[in-house]
Every structure is written in structure tokens, then in C-alpha cells.
Amino acid sequence: MHIRREYKYLVPKERWSEFRSALLPFVDVDRYAPTNNGIDYKVRSIYFDTGHLSFYLEKLAGVKIRKKFRVRAYNNQSKDSIVYLEIKQKDEDIISKNRAPVYYRDLKGFLLWGNIDSYILNGGKYLKARDDARKFLYYYYKKCLVPNVLIVYDREAYYSKFNPDLRITFDKNICSKVVTTTDELYSRYKTSYIMRDYFVLEIKFYSGYPLWLRGIIREFSLQQRSVSKYSFCIDIHKNELDMIFKRSLHEWAQEFYAMENIIKGVKK
């Protein structure tokens with residue numbers, strides 16, 4: 001599990017170039033950015049929630065400690081695409097994340113059978129991947145989680161020249177669609193744009209928020225705020241989701257109980 005602080009801001013889209021120019025003397029392109037051309041890369045996430053949208057409602061209610069569950073991918077699909085099972089927990093500005101990699105071709109099999117040793121990729125940066133995957137499965141079955149929205153955007157990522165633990169990202173061209181299966185993780189069709197006039201600035205750090213960055217934030221008169229892409233997208237698709245969940249929740253519940261019984265039988 002990784003724990004850090006995360007500040008978010010909405011920045012007018014027309015000020016993107018100006019803001020980027022102000023940052024460039026202090027940052028380099030993120031060395032972990034999964035891209036070969038330029039500095040933008042595509043982030044794709046399918047979010048999971050209960051049939052009653054419990055995690056969305058917790059956000060609306062201002063619950064202090066909240067969780068989000070998603071499967072995340074980058075750029076376009078390939079034969080050996082790796083995706084990440086993620087649990088993101090937020091406690092005010094403090095963020096912790098559990099993350100486990102799996103081949104996209106194995107994702108449905110993993111969620112169906114829960115065989116961590118066969119499917120989860122362990123090692124490298126993800127020494128606790130099996131524990132993180134087990135935690136994801138625990139909530140997946142206990143809460144009867146189902147996929148509900150796909151969120152896709154272009155990300156620019158930078159890190160400070162003076163402190164590599166300080167990461168700054170611009171999330172642009174955010175769009176989403178309702179989904180009911182992980183098969184649509186790489187879908188490009190019928191998405192709706194949100195926040196057309198803004199991009200989301202995220203500042204992520206472990207130990208410090210430098211004066212040069214505070215100065216830039218003041219220069220652009222930005223106000224730190226709670227920005228949840230997931231909540232924005234649910235707001236846009238709420239009517240469609242209401243219809244789907246009312247019609248399908250009982251069927252999904254039966255399917256999940258059946259899966260859980262299968263897995264229990266396999267473990268025995």
C-alpha cells in the first residue's frame with residue numbers, strides 16, 4: 001500500500017499552455033509515464049460500485065474515509081496488455097492505494113475464479129500484489145460490486161527536478177460512458193465529455209509542497225477543492241444507471257452468489 005497526499009484543482013482549459021510553461025522550469029516528464037510518443041498518455045478506468053451506488057452516495061454525504069474500486073489500463077489494447085486492480089482510499093487529503101497487475105486477457109477469469117496464484121503478476125514494484133488482489137476480491141464479493149462507468153482521459157505527468165516524490169498531472173479531455181462489463185475497458189465509442197472547459201490538476205506528494213509550486217498556484221488564483229471524476233460521471237449518467245440497476249440488480253446478485261459458491265467449492 002502506498003500512502004501520500006493529493007491536492008486537486010480545476011484549471012480553465014484556455015490556461016493550459018500558460019500553466020504548463022510556468023511549471024516547466026521546475027519539472028521533468030514523468031519517467032514512469034507509459035508512452036512512447038510525446039508526453040500525453042491515455043488513462044482508462046472502469047469503476048465498480050454496489051447496486052445502490054453506495055460509494056458514490058458516501059461521497060455526496062461527505063463521509064470522511066471513502067474507498068473507490070476500479071480496473072485501470074493505459075493507452076490502447078495489445079496482446080499482452082496489463083491492467084491494474086485498484087482500491088483507492090481517501091481520508092481528507094491523504095490517499096492510500098492497493099494495486100495488483102493482471103493480464104487483461106485474464107481479468108474476467110480472475111474475477112470469476114479468484115485464483116490469485118494463477119493470474120496475479122507479482123514482483124517488481126508490486127511485491128504485495130497478491131495481498132492487494134485478495135483485498136480487492138474480498139470487497140468484490142462481499143459488496144457484490146459491479147462495473148458501472150468507464151472513464152477515459154489524456155494525462156500529462158511530471159515530477160519535480162528537486163524531489164522525485166512530487167508528481168504533478170494534468171487530466172484533460174475527460175469522457176465517460178455507462179458499462180456493465182469489463183469487456184469495454186478499451187472501448188472508444190459513445191462516450192460523453194465532462195468538464196469541457198477545464199482540466200484537472202493533481203499534485204501528489206509524500207513529504208513536502210514546495211514554495212515554487214505554491215507561488216504558481218497563487219499566480220493562477222487556483223483554489224484547492226474536492227474533484228471526483230467518478231462522481232462527476234455518475235451525475236451525468238445517473239438516469240441511465242438507475243434504469244440499469246433497477247432492472248438488473250437481482251440478476252447480478254444471483255450471479256455473484258453463484259460465483260462465490262463456486263470459489264468456496266474450489267477452495268475446499
# chains A, B, ... in the order shown; residues from 1 in each chain; ligands from 1
call {"tool": "residues_around", "arguments": {"residues": "Ile94 (chain A)", "least_positions_apart": "5", "cutoff": "10 Å", "atoms": "only C-alpha atoms", "output": "list in words"}}
result
Ile3, Arg4, Arg5, Glu6, Tyr7, Ile65, Gln89, Lys204, Phe205 and Tyr206 of chain A
call {"tool": "select_by_dssp", "arguments": {"residues": "region 77-110 of chain A", "states": "alpha helix (DSSP H)", "output": "PyMOL selection string"}}
result
chain A and resi 107-110
call {"tool": "write_last_selection", "arguments": {"atoms": "C-alpha atoms", "output": "tab-separated table (two decimals), in the first residue's frame"}}
result
chain	number	residue	atom	x	y	z
A	107	LEU	CA	-9.17	-10.35	-15.94
A	108	LYS	CA	-12.57	-11.98	-16.35
A	109	GLY	CA	-11.18	-15.37	-15.37
A	110	PHE	CA	-9.62	-13.91	-12.26
call {"tool": "closest_residue", "arguments": {"among": "A:Tyr153, A:Tyr84, A:Tyr104, A:Lys143", "to": "Asn122 (chain A)", "atoms": "only C-alpha atoms"}}
result
A:Tyr84
call {"tool": "residues_around", "arguments": {"residues": "region 240-244 of chain A", "least_positions_apart": "5", "cutoff": "10 Å", "atoms": "only C-alpha atoms", "output": "PDB file with C-alpha atoms, in the first residue's frame"}}
result
ATOM      1  CA  GLY A  51     -26.215  -1.789  -6.996  1.00  0.00           C
ATOM      2  CA  HIS A  52     -27.264   1.107  -4.759  1.00  0.00           C
ATOM      3  CA  LEU A  53     -24.187   3.222  -5.685  1.00  0.00           C
ATOM      4  CA  ASN A 148     -20.839   0.854 -13.847  1.00  0.00           C
ATOM      5  CA  VAL A 149     -18.819   3.557 -15.643  1.00  0.00           C
ATOM      6  CA  LYS A 177     -19.882   6.001 -20.595  1.00  0.00           C
ATOM      7  CA  VAL A 178     -22.037   3.517 -18.731  1.00  0.00           C
ATOM      8  CA  VAL A 179     -20.699  -0.043 -18.817  1.00  0.00           C
ATOM      9  CA  THR A 180     -21.854  -3.310 -17.308  1.00  0.00           C
ATOM     10  CA  ILE A 234     -22.193   9.308 -12.149  1.00  0.00           C
ATOM     11  CA  ASP A 235     -24.034  12.638 -12.076  1.00  0.00           C
ATOM     12  CA  LEU A 249     -29.603  -5.849  -9.678  1.00  0.00           C
TER      13      LEU A 249
END
call {"tool": "residues_around", "arguments": {"residues": "region 41-49 of chain A", "least_positions_apart": "4", "cutoff": "7 Å", "atoms": "only C-alpha atoms", "output": "PyMOL selection string"}}
result
chain A and resi 34-35+53-55+69-75+145-156+182+185
call {"tool": "select_by_dssp", "arguments": {"residues": "region 152-223 of chain A", "states": "strand (DSSP E or B)", "output": "PyMOL selection string"}}
result
chain A and resi 152-160+167-178+192-193+198-205
call {"tool": "write_last_selection", "arguments": {"atoms": "N, CA and C atoms", "output": "CSV table (one decimal), in the first residue's frame"}}
result
chain,number,residue,atom,x,y,z
A,152,VAL,N,-12.3,7.8,-19.3
A,152,VAL,CA,-11.1,7.8,-20.1
A,152,VAL,C,-10.7,9.3,-20.2
A,153,TYR,N,-9.4,9.5,-20.1
A,153,TYR,CA,-8.8,10.9,-20.3
A,153,TYR,C,-7.4,10.8,-20.8
A,154,ASP,N,-6.9,12.0,-21.2
A,154,ASP,CA,-5.5,12.1,-21.6
A,154,ASP,C,-4.8,12.8,-20.4
A,155,ARG,N,-3.6,12.2,-20.0
A,155,ARG,CA,-2.9,12.6,-18.9
A,155,ARG,C,-1.5,13.1,-19.3
A,156,GLU,N,-1.1,14.2,-18.8
A,156,GLU,CA,0.3,14.7,-18.8
A,156,GLU,C,0.8,14.5,-17.4
A,157,ALA,N,2.0,13.9,-17.3
A,157,ALA,CA,2.6,13.7,-15.9
A,157,ALA,C,4.0,14.2,-15.8
A,158,TYR,N,4.3,14.9,-14.7
A,158,TYR,CA,5.6,15.4,-14.5
A,158,TYR,C,6.0,15.1,-13.1
A,159,TYR,N,7.3,15.2,-12.8
A,159,TYR,CA,7.8,15.1,-11.4
A,159,TYR,C,8.8,16.2,-11.2
A,160,SER,N,9.0,16.6,-10.0
A,160,SER,CA,9.9,17.7,-9.6
A,160,SER,C,11.3,17.4,-9.9
A,167,ARG,N,4.8,14.6,-7.7
A,167,ARG,CA,4.3,14.3,-9.0
A,167,ARG,C,3.1,15.3,-9.3
A,168,ILE,N,3.1,15.8,-10.6
A,168,ILE,CA,2.1,16.7,-11.0
A,168,ILE,C,1.4,16.2,-12.3
A,169,THR,N,0.1,16.1,-12.3
A,169,THR,CA,-0.5,15.6,-13.5
A,169,THR,C,-1.6,16.5,-14.0
A,170,PHE,N,-1.8,16.6,-15.3
A,170,PHE,CA,-2.9,17.3,-16.0
A,170,PHE,C,-3.8,16.2,-16.6
A,171,ASP,N,-5.1,16.2,-16.2
A,171,ASP,CA,-6.0,15.2,-16.8
A,171,ASP,C,-7.0,16.0,-17.7
A,172,LYS,N,-6.9,15.7,-19.0
A,172,LYS,CA,-7.7,16.5,-20.0
A,172,LYS,C,-8.6,15.6,-20.8
A,173,ASN,N,-9.5,16.3,-21.5
A,173,ASN,CA,-10.4,15.6,-22.4
A,173,ASN,C,-11.1,14.4,-21.7
A,174,ILE,N,-11.6,14.6,-20.5
A,174,ILE,CA,-12.3,13.6,-19.7
A,174,ILE,C,-13.6,13.2,-20.3
A,175,CYS,N,-13.8,11.9,-20.5
A,175,CYS,CA,-15.1,11.4,-21.1
A,175,CYS,C,-15.5,10.1,-20.4
A,176,SER,N,-16.7,9.7,-20.5
A,176,SER,CA,-17.2,8.5,-19.8
A,176,SER,C,-18.4,7.9,-20.5
A,177,LYS,N,-18.7,6.7,-20.1
A,177,LYS,CA,-19.9,6.0,-20.6
A,177,LYS,C,-20.3,5.0,-19.6
A,178,VAL,N,-21.5,4.6,-19.6
A,178,VAL,CA,-22.0,3.5,-18.7
A,178,VAL,C,-21.6,2.2,-19.3
A,192,SER,N,-19.3,10.3,-23.4
A,192,SER,CA,-19.7,11.7,-23.2
A,192,SER,C,-18.6,12.5,-22.5
A,193,TYR,N,-18.4,13.7,-23.0
A,193,TYR,CA,-17.4,14.5,-22.4
A,193,TYR,C,-17.9,15.2,-21.1
A,198,TYR,N,-12.5,22.7,-18.5
A,198,TYR,CA,-11.4,22.6,-17.5
A,198,TYR,C,-10.6,21.4,-17.7
A,199,PHE,N,-9.4,21.4,-17.1
A,199,PHE,CA,-8.7,20.2,-16.9
A,199,PHE,C,-8.4,20.0,-15.4
A,200,VAL,N,-8.2,18.8,-15.0
A,200,VAL,CA,-8.0,18.6,-13.5
A,200,VAL,C,-6.5,18.5,-13.3
A,201,LEU,N,-6.0,19.4,-12.4
A,201,LEU,CA,-4.6,19.4,-11.9
A,201,LEU,C,-4.6,18.7,-10.6
A,202,GLU,N,-3.7,17.7,-10.6
A,202,GLU,CA,-3.5,16.9,-9.3
A,202,GLU,C,-2.0,17.0,-8.9
A,203,ILE,N,-1.8,17.3,-7.6
A,203,ILE,CA,-0.5,17.4,-7.1
A,203,ILE,C,-0.3,16.3,-6.0
A,204,LYS,N,0.6,15.4,-6.2
A,204,LYS,CA,0.7,14.3,-5.3
A,204,LYS,C,2.1,14.3,-4.7
A,205,PHE,N,2.2,14.1,-3.4
A,205,PHE,CA,3.5,14.2,-2.7
A,205,PHE,C,3.4,13.4,-1.4
call {"tool": "atom_distance", "arguments": {"atom1": "CA of Val227 (chain A)", "atom2": "CA of Ala129 (chain A)"}}
result
27.8 Å
